[in-house]
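Working notes for the structure below.
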Amino acid sequence: MTPLRIELLWLEGCPSHETAETMLRRVLEEAGLEAAIERIQVESEDAGIAVCFPGSPTIRVNGQDVEPGWQPCGDCTPRCRVYPTALGLQPLPERRWIYDAVRSASEQD
């Protein structure tokens, strides 16, 4: 099985990235998957452009954003991210999105 490539893009000062990492680790554990999490700190607009940064926290699995239907944004300025969830705009992705992304990626091999 090809290892999962998981990235957590984050911005210092945005409080949600630590909770996002905890949620991500729990989802991996519950799914019975092991994967290293590459933490990518985005500190400047140039860095944001280089990684197509939609805000902190951003979780990608094998290069795909966990938000269903997410399209690259034109503004990569470092900032906190909000997600359009079933509960309205939230600072974290839905847990189910993360689970679905890791399961789907792990089954593609």
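Residues are named by chain letter and number: chains run A, B, ... in the order of the structure tokens, numbers start at 1 in each chain, and ligands are numbered from 1 in the order shown.
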(request) Name the residues of chain A that come out as strand (DSSP E) in a backbone DSSP run; write them as an NGL selection string. (result) :A and (6-10 or 37-41 or 58-61 or 64-65 or 83-85 or 88-90)
(request) Excluding range 39-45 of chain A and residues on its chain fewer than 6 positions from it, collect all residues at most 6 Å away from it, counting only C-alpha atoms, and give them as a ChimeraX atom specification. (result) /A:7-11,77
Residue selection dump (all heavy atoms) as an mmCIF file, in the first residue's frame:
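Contents of part13.cif, freshly written:
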data_model
loop_
_atom_site.group_PDB
_atom_site.id
_atom_site.type_symbol
_atom_site.label_atom_id
_atom_site.label_comp_id
_atom_site.auth_asym_id
_atom_site.auth_seq_id
_atom_site.Cartn_x
_atom_site.Cartn_y
_atom_site.Cartn_z
ATOM 1 N N GLU A 7 -0.964 16.576 4.671
ATOM 2 C CA GLU A 7 -0.391 17.893 4.956
ATOM 3 C C GLU A 7 -1.361 18.678 5.824
ATOM 4 O O GLU A 7 -2.571 18.649 5.592
ATOM 5 C CB GLU A 7 -0.166 18.672 3.667
ATOM 6 C CG GLU A 7 0.768 17.988 2.686
ATOM 7 C CD GLU A 7 0.684 18.593 1.299
ATOM 8 O OE1 GLU A 7 -0.439 18.702 0.763
ATOM 9 O OE2 GLU A 7 1.750 18.957 0.764
ATOM 10 N N LEU A 8 -0.809 19.368 6.810
ATOM 11 C CA LEU A 8 -1.566 20.309 7.621
ATOM 12 C C LEU A 8 -0.913 21.669 7.427
ATOM 13 O O LEU A 8 0.202 21.901 7.874
ATOM 14 C CB LEU A 8 -1.544 19.910 9.101
ATOM 15 C CG LEU A 8 -2.188 20.910 10.058
ATOM 16 C CD1 LEU A 8 -3.681 21.039 9.792
ATOM 17 C CD2 LEU A 8 -1.938 20.501 11.505
ATOM 18 N N LEU A 9 -1.590 22.524 6.702
ATOM 19 C CA LEU A 9 -1.085 23.876 6.446
ATOM 20 C C LEU A 9 -1.678 24.794 7.503
ATOM 21 O O LEU A 9 -2.889 24.745 7.758
ATOM 22 C CB LEU A 9 -1.486 24.346 5.044
ATOM 23 C CG LEU A 9 -0.799 23.640 3.876
ATOM 24 C CD1 LEU A 9 -1.392 22.274 3.609
ATOM 25 C CD2 LEU A 9 -0.885 24.497 2.645
ATOM 26 N N TRP A 10 -0.820 25.601 8.108
ATOM 27 C CA TRP A 10 -1.298 26.404 9.226
ATOM 28 C C TRP A 10 -0.578 27.736 9.313
ATOM 29 O O TRP A 10 0.458 27.944 8.697
ATOM 30 C CB TRP A 10 -1.141 25.632 10.526
ATOM 31 C CG TRP A 10 0.273 25.270 10.867
ATOM 32 C CD1 TRP A 10 1.026 24.279 10.287
ATOM 33 C CD2 TRP A 10 1.109 25.890 11.824
ATOM 34 N NE1 TRP A 10 2.280 24.255 10.843
ATOM 35 C CE2 TRP A 10 2.358 25.230 11.801
ATOM 36 C CE3 TRP A 10 0.926 26.938 12.710
ATOM 37 C CZ2 TRP A 10 3.409 25.591 12.628
ATOM 38 C CZ3 TRP A 10 1.985 27.286 13.538
ATOM 39 C CH2 TRP A 10 3.202 26.615 13.481
ATOM 40 N N LEU A 11 -1.182 28.621 10.097
ATOM 41 C CA LEU A 11 -0.680 29.974 10.297
ATOM 42 C C LEU A 11 -0.549 30.223 11.788
ATOM 43 O O LEU A 11 -1.504 29.977 12.539
ATOM 44 C CB LEU A 11 -1.663 30.970 9.678
ATOM 45 C CG LEU A 11 -1.450 32.458 9.949
ATOM 46 C CD1 LEU A 11 -0.166 32.940 9.302
ATOM 47 C CD2 LEU A 11 -2.642 33.257 9.428
ATOM 48 N N THR A 77 -3.434 34.790 0.678
ATOM 49 C CA THR A 77 -2.916 35.553 1.803
ATOM 50 C C THR A 77 -3.064 34.742 3.086
ATOM 51 O O THR A 77 -4.137 34.187 3.339
ATOM 52 C CB THR A 77 -3.711 36.873 1.952
ATOM 53 O OG1 THR A 77 -3.673 37.562 0.710
ATOM 54 C CG2 THR A 77 -3.111 37.746 3.034
#
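Counting from CA of Ser104 in chain A, the distance to CA of Val66 in chain A is 10.7 Å.
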(request) Have a look at CA of Gly13 in chain A and CA of Phe53 in chain A and let me know their distance in Å, one decimal. (result)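 A separation of 15.6 Å between them.
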(request) Would you mind telling me which residue in A:Arg60, A:Arg103, A:His17, A:Arg25 lies nearest to Val82 in chain A when using only C-alpha atoms? (result) A:His17
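For the pair CA of Ser16 in chain A and CA of Ala86 in chain A, the separation is 18.1 Å.
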(message) Residues near range 68-76 of chain A, anyone? I mean within 9 Å using only C-alpha atoms, not counting same-chain ones fewer than 4 positions away, as a PyMOL selection string.
(response) chain A and resi 45-55+64+97+101
Prev. selection, N, CA, C and O atoms, output as a compact mmCIF listing (two decimals), in the first residue's frame:
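Here's the written file again.txt:
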# COMPACT_ATOMS: atom_id res chain seq x y z
N GLU A 45 2.61 35.82 2.04
CA GLU A 45 1.79 35.64 0.84
C GLU A 45 2.53 34.81 -0.20
O GLU A 45 1.93 33.96 -0.86
N ASP A 46 3.85 35.02 -0.33
CA ASP A 46 4.62 34.22 -1.29
C ASP A 46 4.55 32.74 -0.94
O ASP A 46 4.38 31.89 -1.82
N ALA A 47 4.69 32.43 0.36
CA ALA A 47 4.58 31.03 0.79
C ALA A 47 3.17 30.51 0.54
O ALA A 47 2.99 29.36 0.12
N GLY A 48 2.16 31.35 0.78
CA GLY A 48 0.78 30.96 0.53
C GLY A 48 0.52 30.66 -0.93
O GLY A 48 -0.16 29.68 -1.26
N ILE A 49 1.07 31.47 -1.81
CA ILE A 49 0.93 31.25 -3.25
C ILE A 49 1.60 29.94 -3.65
O ILE A 49 1.06 29.16 -4.43
N ALA A 50 2.77 29.68 -3.09
CA ALA A 50 3.53 28.47 -3.44
C ALA A 50 2.75 27.19 -3.11
O ALA A 50 2.90 26.19 -3.81
N VAL A 51 1.91 27.23 -2.06
CA VAL A 51 1.17 26.03 -1.65
C VAL A 51 -0.33 26.16 -1.88
O VAL A 51 -1.11 25.31 -1.44
N CYS A 52 -0.76 27.23 -2.57
CA CYS A 52 -2.19 27.49 -2.83
C CYS A 52 -2.97 27.42 -1.52
O CYS A 52 -3.83 26.57 -1.32
N PHE A 53 -2.65 28.34 -0.62
CA PHE A 53 -3.13 28.33 0.76
C PHE A 53 -4.46 29.05 0.91
O PHE A 53 -4.54 30.27 0.79
N PRO A 54 -5.56 28.31 1.22
CA PRO A 54 -6.85 28.96 1.41
C PRO A 54 -7.09 29.42 2.85
O PRO A 54 -8.12 30.01 3.14
N GLY A 55 -6.14 29.17 3.73
CA GLY A 55 -6.27 29.60 5.11
C GLY A 55 -5.95 28.49 6.09
O GLY A 55 -5.83 27.32 5.72
N GLN A 64 -5.12 16.51 -2.06
CA GLN A 64 -6.51 16.95 -2.21
C GLN A 64 -7.01 17.55 -0.90
O GLN A 64 -6.90 16.94 0.16
N TRP A 97 -15.50 14.77 6.68
CA TRP A 97 -14.72 15.07 5.46
C TRP A 97 -13.32 14.47 5.57
O TRP A 97 -12.79 13.93 4.60
N ALA A 101 -11.87 11.46 3.28
CA ALA A 101 -10.66 11.71 2.47
C ALA A 101 -9.59 10.66 2.74
O ALA A 101 -8.98 10.14 1.79
(message) Could you check the closest approach to Pro93 in chain A for each of A:Leu33, A:Glu18, A:Pro3, A:Glu67 and tell me which residue wins, using only C-alpha atoms?
(response)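 Distance minimum relative to Pro93 in chain A lands on A:Glu67.
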(message) At a cut-off of 9 Å, using only C-alpha atoms, what residues contact Tyr83 in chain A? Leave out same-chain residues fewer than 4 positions from it and give the result as an MDAnalysis selection string.
(response) chainID A and resid 67 88:94
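Within 8 Å of Leu28 in chain A, once only C-alpha atoms are used and residues closer than 5 positions along the same chain are dropped, the contacting residues are Leu33, Glu34, Ala35, Tyr99 and Val102 of chain A.
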(request) Just the helix (DSSP H, G or I) stuff from range 9-54 of chain A, please, per backbone DSSP, written as a list in words. (result)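 Put together, the selection reads Ser16, His17, Glu18, Thr19, Ala20, Glu21, Thr22, Met23, Leu24, Arg25, Arg26, Val27, Leu28, Glu29, Glu30, Glu45, Asp46, Ala47, Gly48, Ile49, Ala50 and Val51 of chain A.
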